[in-house]
Amino acid sequence: MEMQKLYLLVPLAPLFGAMIAGLFCRVIPRWLAHTVTIAGVGVAFILSLMIFQDVQAGHTFNGPVYTWLTTGDYKFEVGFLIDTLTTTMMLVVTFVSLMVHIYTIGYMQEDPGYNRFFSYISLFTFSMLMLVMSNNFMQLFFGWEAVGLVSYLLIGFWYTRPTAIFANMKAFLVNRVGDFGFILGIGLVLAHFGSLDYATVFAKAPELATKTINIWGSAEWSLLSVTCICLFIGAMGKSAQVPLHVWLPDSMEGPTPISALIHAATMVTAGIFMVSRMSPLFELSTTALSFVLIIGAITALFMGFLGIIQNDIKRVVAYSTLSQLGYMTVALGASAYSVAIFHLMTHAFFKALLFLAAGSVIIGMHHDQDIRNMGGLRKYMPITWLTSLVGSLALIGTPFLSGFYSKDSIIEAVELSHIPGAGFAYFAVLAGVFVTAFYSFRMYFLVFHGEERFGKADAHHGDHHAAHDADAHGHDAHGDHDDAHDAHEHHGLAPGQKPHETPWVVTLPLVLLAIPSLAIGFFAIEPMLYGEYFKGVIFVDNEAHPAMEHLAEHFHEHFHDAFGMATHAFTSLPFILAFAGVALSWFFYMKRPDIPAAIQRRFSAINTLFENKYYFDKINEVVFAGGARLLGKTFWRVGDVAIIDGMIVNGSARLVGLISSVTRLFQTGYVYHYAFTMIIGVFVLMTLWITRA
C-alpha cells in the first residue's frame, strides 16, 4: 500500500506544481513559480528512482486506482502498471524534465510569460507520466491527448507571432489525423476483446490471431493486422513518421526548452513506447511489423537528407530527431522492441543535450539562430562547445559512447531480420549513419570552429527571418519592454560584440546530460538487450521473428561484453561510414566551402526538392486542405444554396405564390364566375370518381 501512494505521488507532484504556477501566474513571484515546479519534478524523479529500485527487487504492480465510468460490462479505470518498461520511461521523463526546468530559469529569464511557461512544462510532465504509467487503453489515450494539448500550448507559447500560431495549429491538426487512427484501433480492441485492460487484452490476443473482419466489400482482413496498423497510425502522428512528420520541424517555433523536452526526449517517443508496450499484439501480425519497418526506414533516411541543407541551428537538430525516431521505429518493425527502448533512452539524453546546447548558443549569439553567422564559438563558450561535441559524437554512434551501443544494435537487428522490407530498411539505416555524421558535424564545425562570422553586416538575416524569430521572445504583446528585450530585438550580435558563455543554470543541465550521453549505453546494454531486464514485459515470438535471438547469440559469441562490442566496432561498416561523414563535412566546411556551394548550384533541382521538404507541405495544403475547402464549397453551393435555400425554402414560397396567382384569377367578385368555377370543380370531381370506379 505504501508503494501505491508513491506511484500516485509521481504524476501528482508535477501536477501540483503546474496548478500553483498556472492558476496564480499573475500574482506569485517568479522564484516561487520555478521553485514549486522544479520541486514537483524533483520529487517525481526521486520517487521514480525508488520505484525503479523496488521493481529491480522484483516488486511489480498492475491494478486500478480509480474507476472513472462503468457502462454495462465495461469499466473505464485509471490504473497503474509498474514494471521495468514503465520505470525506464519514468526515469527518462523525470530526469530530462528536471534538467529542462533548471535550464529554463536561465533561458526564459527575460520573458514576461515566465510563470505560465513553468506551469505548462510541469503539466506536460504530469501528462507524460500518466501516459507511461497506464495499465489500460483509456488512460493511455488520456495521457496521449493531454501531451498533445500541452504541446499545442507550448509550441504557440509566443502567441503574438503568426509563425508560432501556424506551427501549433499544424501540430495539433496533424496529430488529430494520427489520433483518429489511434482511437479506431482502441475501438477495435474494445469491440473484439471486450476490455481495455492491457493484461486482459494481451491474454486474449492469441485466441483472436486468426480472426478476420469485414471492413468493406467482401474482402476479409486480419483483425490484429488492422488493429495494430490503426494503433501505429497514432504513433506515426506522435512520433512524427512519414507522412505525419510535417509538424515537428515547424514546432521549433516554440522556446528551446520545449524543443528539448517535447521533441527530443519525451512526447515524440510516446509512440515508440506504445508499440513496445503492445508487443504481444504486434508479434501476432507480420503485416503490421512490415508496415512499421518500412515507414521507419523511409523516415530514418529521407528526413536525414533534409538536415544537410538546414541553416537554422534548431532545425538541424529537429531533422536529426526525425531521423532517429525513424531508427527506433525500424527496430520496432524488426521485433527488436528492447533495442528501440534502449535507443529511446540513450537518444533522450544526447538529443536533449544537443537542443539545450543549441539554446545556449542562441543565448550567446543574442538570439541569432543562423549557423552561417556563427563560427569560432569554441573559445567564447567552452562548456557549450564541449557538451555539444559529446552530444554530436553520441548521436553519430562513436564507439564507447551511449548512442553507439543502441544505434549499432538497431543496424544489426535489421540485418538479421527476415520481415518483408528488411533489406530496404538495412540499406536505409546504414546510409543514415553517413548522412547523420555529415549534417551533425556540418553544424558543429560551422558553429564552433573556423572563422568568426558574427557581428558583421546581416549577411543572412533576411534569408531565414522566420527561423530567426523562433527564439525572439514574443514580448511585444505584453507591453513589457525593457532594455534587455530591446537589446536582442535585432537578433544577433552588434558589430564588435562578442558571444559569451551562458550562466550556470544553463550549463549545469548540459553537463548533467553529457554524463549519461557518455556512459549509460556501456552499462545498460547487457541487462536491457540480453539480460532478464524486460523479461515478461516485452514479448517476442522468437520462432516467427528470430532477430533478437540471433542478435544475442552474435553478441555473446563475438563480443562477449560491451567493451568487446566497442573495440570490435572500429573495423565495422557503420563506423567507417560515420567517420567518412565527419571527414567529408570537415573538408567541405573547414577547408573548401566553395565545393558545397558548387554542388548546390550543380544539383539545384535536388536542392529545391530538399528546400521544399519533398513538397509534403504543398501536397497537404493543395490536396488535403484545398480538397476539404473544395468539398465544403461544393456542399455549400449544392446543398445549402441550391437545395435548402433554393428548392426547399425559396421553392416552397414560389410554389405558394404560383398557386395564389392562379387562384386569384377566379376571385373577381362576379357571381357567374363563382358559379362557373363550382361547375368546373364538380365536373373534375365527377370525372375522377367515375375513372376511379
# chains A, B, ... in the order shown; residues from 1 in each chain; ligands from 1

$ select_by_dssp --residues "segment 176-373 of chain A" --states "strand (DSSP E)" --output "list of chain:residue names"
A:Thr212, A:Ile213, A:Asn214, A:Glu220, A:Trp221, A:Ser222

$ write_last_selection --atoms "N, CA, C and O atoms" --output "mmCIF file, in the first residue's frame"
data_model
loop_
_atom_site.group_PDB
_atom_site.id
_atom_site.type_symbol
_atom_site.label_atom_id
_atom_site.label_comp_id
_atom_site.auth_asym_id
_atom_site.auth_seq_id
_atom_site.Cartn_x
_atom_site.Cartn_y
_atom_site.Cartn_z
ATOM 1 N N THR A 212 -10.813 -12.743 -38.616
ATOM 2 C CA THR A 212 -10.847 -11.737 -39.685
ATOM 3 C C THR A 212 -12.084 -10.864 -39.519
ATOM 4 O O THR A 212 -13.070 -11.271 -38.903
ATOM 5 N N ILE A 213 -12.009 -9.665 -40.063
ATOM 6 C CA ILE A 213 -13.166 -8.769 -40.036
ATOM 7 C C ILE A 213 -13.432 -8.249 -41.439
ATOM 8 O O ILE A 213 -12.538 -8.252 -42.295
ATOM 9 N N ASN A 214 -14.644 -7.798 -41.634
ATOM 10 C CA ASN A 214 -15.079 -7.287 -42.933
ATOM 11 C C ASN A 214 -15.167 -5.773 -42.844
ATOM 12 O O ASN A 214 -16.019 -5.251 -42.127
ATOM 13 N N GLU A 220 -11.766 -10.049 -46.624
ATOM 14 C CA GLU A 220 -11.573 -10.358 -45.211
ATOM 15 C C GLU A 220 -10.208 -9.821 -44.762
ATOM 16 O O GLU A 220 -9.210 -10.070 -45.414
ATOM 17 N N TRP A 221 -10.206 -9.088 -43.667
ATOM 18 C CA TRP A 221 -8.972 -8.500 -43.145
ATOM 19 C C TRP A 221 -8.655 -9.120 -41.786
ATOM 20 O O TRP A 221 -9.555 -9.350 -40.987
ATOM 21 N N SER A 222 -7.374 -9.330 -41.526
ATOM 22 C CA SER A 222 -6.967 -9.855 -40.221
ATOM 23 C C SER A 222 -7.254 -8.805 -39.151
ATOM 24 O O SER A 222 -6.823 -7.656 -39.256
#

$ closest_atom_pairs --of "segment 531-611 of chain A" --to "segment 412-416 of chain A" --cutoff "10 Å" --atoms "only C-alpha atoms" --output "JSON lines"
{"residue": "A:His545", "atom": "CA", "partner": "A:Leu416", "partner_atom": "CA", "distance": 9.6}
{"residue": "A:Pro546", "atom": "CA", "partner": "A:Leu416", "partner_atom": "CA", "distance": 8.0}
{"residue": "A:Ala547", "atom": "CA", "partner": "A:Leu416", "partner_atom": "CA", "distance": 5.2}
{"residue": "A:Met548", "atom": "CA", "partner": "A:Ala413", "partner_atom": "CA", "distance": 6.5}
{"residue": "A:Glu549", "atom": "CA", "partner": "A:Leu416", "partner_atom": "CA", "distance": 9.4}
{"residue": "A:His550", "atom": "CA", "partner": "A:Leu416", "partner_atom": "CA", "distance": 6.9}
{"residue": "A:Leu551", "atom": "CA", "partner": "A:Ala413", "partner_atom": "CA", "distance": 6.2}
{"residue": "A:Ala552", "atom": "CA", "partner": "A:Ala413", "partner_atom": "CA", "distance": 9.7}
{"residue": "A:His554", "atom": "CA", "partner": "A:Glu412", "partner_atom": "CA", "distance": 9.4}

$ write_last_selection --atoms "C-alpha atoms" --output "PDB file, in the first residue's frame"
ATOM      1  CA  HIS A 545      10.780 -13.182 -35.674  1.00  0.00           C
ATOM      2  CA  PRO A 546      14.166 -14.502 -34.501  1.00  0.00           C
ATOM      3  CA  ALA A 547      16.217 -11.294 -34.970  1.00  0.00           C
ATOM      4  CA  MET A 548      16.723 -10.671 -31.235  1.00  0.00           C
ATOM      5  CA  GLU A 549      17.671 -14.291 -30.586  1.00  0.00           C
ATOM      6  CA  HIS A 550      20.315 -14.151 -33.354  1.00  0.00           C
ATOM      7  CA  LEU A 551      21.498 -10.763 -32.050  1.00  0.00           C
ATOM      8  CA  ALA A 552      22.030 -12.200 -28.548  1.00  0.00           C
ATOM      9  CA  HIS A 554      26.103 -12.881 -32.072  1.00  0.00           C
TER      10      HIS A 554
END

$ closest_residue --among "A:Cys230, A:Val147, A:Leu529, A:Met138" --to "Asp197 of chain A" --atoms "only C-alpha atoms"
A:Met138

$ closest_residue --among "A:Asp250, A:Phe142, A:Ser409, A:Ile102" --to "Ile165 of chain A" --atoms "only C-alpha atoms"
A:Asp250

$ residues_around --residues "Val390 of chain A" --least-positions-apart "6" --cutoff "9 Å" --atoms "only C-alpha atoms" --output "PDB file with N, CA and C atoms, in the first residue's frame"
ATOM      1  N   PHE A 350      21.245  12.403 -25.178  1.00  0.00           N
ATOM      2  CA  PHE A 350      22.133  13.196 -26.047  1.00  0.00           C
ATOM      3  C   PHE A 350      21.366  14.175 -26.920  1.00  0.00           C
ATOM      4  N   LEU A 353      20.482  17.104 -24.755  1.00  0.00           N
ATOM      5  CA  LEU A 353      21.746  17.837 -24.612  1.00  0.00           C
ATOM      6  C   LEU A 353      21.998  18.721 -25.833  1.00  0.00           C
ATOM      7  N   LEU A 354      21.808  18.174 -27.030  1.00  0.00           N
ATOM      8  CA  LEU A 354      22.058  18.952 -28.253  1.00  0.00           C
ATOM      9  C   LEU A 354      21.094  20.130 -28.381  1.00  0.00           C
ATOM     10  N   LEU A 401      30.535   5.521 -26.663  1.00  0.00           N
ATOM     11  CA  LEU A 401      29.511   6.464 -26.220  1.00  0.00           C
ATOM     12  C   LEU A 401      28.133   5.801 -26.312  1.00  0.00           C
ATOM     13  N   ALA A 514      25.363  15.405 -20.326  1.00  0.00           N
ATOM     14  CA  ALA A 514      26.527  14.857 -21.044  1.00  0.00           C
ATOM     15  C   ALA A 514      27.023  13.569 -20.391  1.00  0.00           C
ATOM     16  N   SER A 517      25.044  10.654 -21.558  1.00  0.00           N
ATOM     17  CA  SER A 517      25.317  10.542 -23.001  1.00  0.00           C
ATOM     18  C   SER A 517      26.643   9.824 -23.250  1.00  0.00           C
ATOM     19  N   LEU A 518      27.563   9.974 -22.327  1.00  0.00           N
ATOM     20  CA  LEU A 518      28.854   9.295 -22.450  1.00  0.00           C
ATOM     21  C   LEU A 518      28.771   7.833 -22.021  1.00  0.00           C
TER      22      LEU A 518
END

$ residues_around --residues "Leu223 of chain A" --least-positions-apart "4" --cutoff "12 Å" --atoms "only C-alpha atoms" --output "ChimeraX atom specification"
/A:185,187-189,191-193,205-215,227-230,281-282,284-285,287-288

$ residues_around --residues "Phe172 of chain A" --least-positions-apart "2" --cutoff "10 Å" --atoms "only C-alpha atoms" --output "list in words"
Gly148, Leu149, Ser151, Tyr152, Leu153, Ile155, Phe166, Ala167, Asn168, Met169, Lys170, Val174, Asn175, Arg176, Val177, Gly237 and Trp247 of chain A

$ residues_around --residues "Pro243 of chain A" --least-positions-apart "2" --cutoff "9 Å" --atoms "only C-alpha atoms" --output "ChimeraX atom specification"
/A:236-237,240-241,245-246,295,299,616

$ write_last_selection --atoms "N, CA, C and O atoms" --output "CSV table (one decimal), in the first residue's frame"
chain,number,residue,atom,x,y,z
A,236,MET,N,2.5,7.2,-35.5
A,236,MET,CA,3.1,7.9,-36.6
A,236,MET,C,2.8,9.4,-36.4
A,236,MET,O,3.7,10.3,-36.7
A,237,GLY,N,1.7,9.8,-35.8
A,237,GLY,CA,1.4,11.2,-35.6
A,237,GLY,C,2.3,11.7,-34.4
A,237,GLY,O,3.0,12.7,-34.6
A,240,ALA,N,6.1,11.4,-35.2
A,240,ALA,CA,6.5,12.1,-36.4
A,240,ALA,C,7.1,11.2,-37.5
A,240,ALA,O,8.2,11.4,-37.9
A,241,GLN,N,6.3,10.2,-37.9
A,241,GLN,CA,6.8,9.3,-39.0
A,241,GLN,C,6.2,9.8,-40.3
A,241,GLN,O,5.1,10.3,-40.3
A,245,HIS,N,4.9,13.6,-40.4
A,245,HIS,CA,6.1,14.2,-39.7
A,245,HIS,C,6.1,15.7,-39.8
A,245,HIS,O,7.0,16.3,-39.2
A,246,VAL,N,5.3,16.3,-40.6
A,246,VAL,CA,5.5,17.7,-41.1
A,246,VAL,C,5.4,18.7,-39.9
A,246,VAL,O,5.9,19.8,-40.0
A,295,ILE,N,7.9,2.2,-42.9
A,295,ILE,CA,7.7,3.6,-42.6
A,295,ILE,C,8.9,4.2,-41.8
A,295,ILE,O,9.3,5.3,-42.1
A,299,THR,N,11.5,7.2,-43.0
A,299,THR,CA,11.7,8.4,-42.1
A,299,THR,C,13.2,8.5,-41.8
A,299,THR,O,13.8,9.6,-41.9
A,616,PHE,N,5.9,18.0,-49.1
A,616,PHE,CA,4.8,17.4,-48.3
A,616,PHE,C,3.8,18.5,-47.9
A,616,PHE,O,2.6,18.3,-47.9

$ atom_distance --atom1 "atom CA of Ala13 of chain A" --atom2 "atom CA of Tyr107 of chain A"
23.5 Å

$ atom_distance --atom1 "atom CA of Ile411 of chain A" --atom2 "atom CA of Leu395 of chain A"
14.3 Å

$ closest_residue --among "A:Gly639, A:Pro495, A:Gly143, A:Gly564" --to "Pro399 of chain A" --atoms "only C-alpha atoms"
A:Gly564

$ residues_around --residues "Val505 of chain A" --least-positions-apart "5" --cutoff "7 Å" --atoms "only C-alpha atoms" --output "list in words"
Ile102, Tyr103, Ile105 and Gly106 of chain A

$ select_by_dssp --residues "segment 192-400 of chain A" --states "alpha helix (DSSP H)" --output "PyMOL selection string"
chain A and resi 192-193+198-204+223-238+247-250+256-260+270-277+279-282+286-307+313-333+337-364+382-395

$ atom_distance --atom1 "atom CA of Ser392 of chain A" --atom2 "atom CA of Lys238 of chain A"
24.5 Å

$ closest_residue --among "A:Ala171, A:Ala164, A:Leu81, A:Ala348" --to "Ala394 of chain A" --atoms "only C-alpha atoms"
A:Ala348

$ decode --residues "segment 378-399 of chain A" --atoms "C-alpha atoms" --output "JSON list (two decimals), in the first residue's frame"
[["chain", "number", "residue", "atom", "x", "y", "z"],
["A", 378, "ARG", "CA", 34.71, 27.33, -29.07],
["A", 379, "LYS", "CA", 36.88, 29.86, -27.23],
["A", 380, "TYR", "CA", 33.94, 32.02, -26.10],
["A", 381, "MET", "CA", 31.64, 29.20, -24.94],
["A", 382, "PRO", "CA", 33.89, 26.31, -23.77],
["A", 383, "ILE", "CA", 31.28, 24.37, -21.74],
["A", 384, "THR", "CA", 28.68, 24.59, -24.51],
["A", 385, "TRP", "CA", 31.33, 23.55, -27.04],
["A", 386, "LEU", "CA", 32.49, 20.52, -25.09],
["A", 387, "THR", "CA", 29.00, 19.26, -24.24],
["A", 388, "SER", "CA", 27.90, 19.79, -27.88],
["A", 389, "LEU", "CA", 30.85, 17.70, -29.02],
["A", 390, "VAL", "CA", 29.84, 14.90, -26.62],
["A", 391, "GLY", "CA", 26.24, 15.06, -27.87],
["A", 392, "SER", "CA", 27.29, 15.04, -31.53],
["A", 393, "LEU", "CA", 29.70, 12.12, -31.04],
["A", 394, "ALA", "CA", 26.99, 10.14, -29.23],
["A", 395, "LEU", "CA", 24.50, 10.93, -31.99],
["A", 396, "ILE", "CA", 26.71, 9.62, -34.80],
["A", 397, "GLY", "CA", 27.44, 6.40, -32.89],
["A", 398, "THR", "CA", 31.06, 6.83, -31.77],
["A", 399, "PRO", "CA", 32.27, 3.60, -30.09]]
